[in-house]
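For reference, the structure discussed in these notes is given below.
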Amino acid sequence: MRQNSWWNILLLVPFVATLFPGLYNQLEPHLFGMPFFYWYQLVWTIGSGIVLAIYIALVNRGASHER
């Protein structure tokens, strides 16, 4: 696998989105009774799984093209 693949940047997206709690440390808006602080993190937990699945698919596709 090449180390300079552009899709490695995908792994930074969830990390940066949750890196600064001060940006999402608020109560409003509520979603299903949960304050924003909690559901924002929950959304990124699910989103991180999606980003990781996309990353793995891209890495596997790139590995099959290099053979």
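Residues are referred to by chain and number: the chain letter is A, B, ... according to the order shown in the structure tokens, the number counts from 1 in that chain, and ligands are numbered separately from 1 in the order shown.
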Within 8 Å of region 47-55 of chain A, counting only C-alpha atoms, which residues show up once you throw out same-chain ones fewer than 5 positions away? Write them as a ChimeraX atom specification, please. /A:7-8,10-11,14
For Gln26 (chain A), find every residue with an atom within 10 Å (counting only C-alpha atoms), except residues of its own chain fewer than 6 positions away, and show them as a compact mmCIF listing (two decimals) with N, CA and C atoms, in the first residue's frame.
# COMPACT_ATOMS: atom_id res chain seq x y z
N PRO A 35 -29.51 16.30 24.65
CA PRO A 35 -28.85 17.56 24.32
C PRO A 35 -27.88 17.38 23.14
N PHE A 36 -27.60 18.47 22.48
CA PHE A 36 -26.74 18.47 21.30
C PHE A 36 -25.39 17.81 21.57
N PHE A 37 -24.80 18.07 22.73
CA PHE A 37 -23.49 17.54 23.07
C PHE A 37 -23.44 16.02 22.93
N TYR A 38 -24.50 15.34 23.38
CA TYR A 38 -24.52 13.89 23.35
C TYR A 38 -24.85 13.33 21.96
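For the pair CA of Pro29 (chain A) and CA of Thr45 (chain A), the interatomic distance is 18.6 Å.
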Run DSSP on the backbone of this structure and report the residues of region 3-66 of chain A it assigns to alpha helix (DSSP H), as an MDAnalysis selection string. chainID A and resid 12:17 36:66
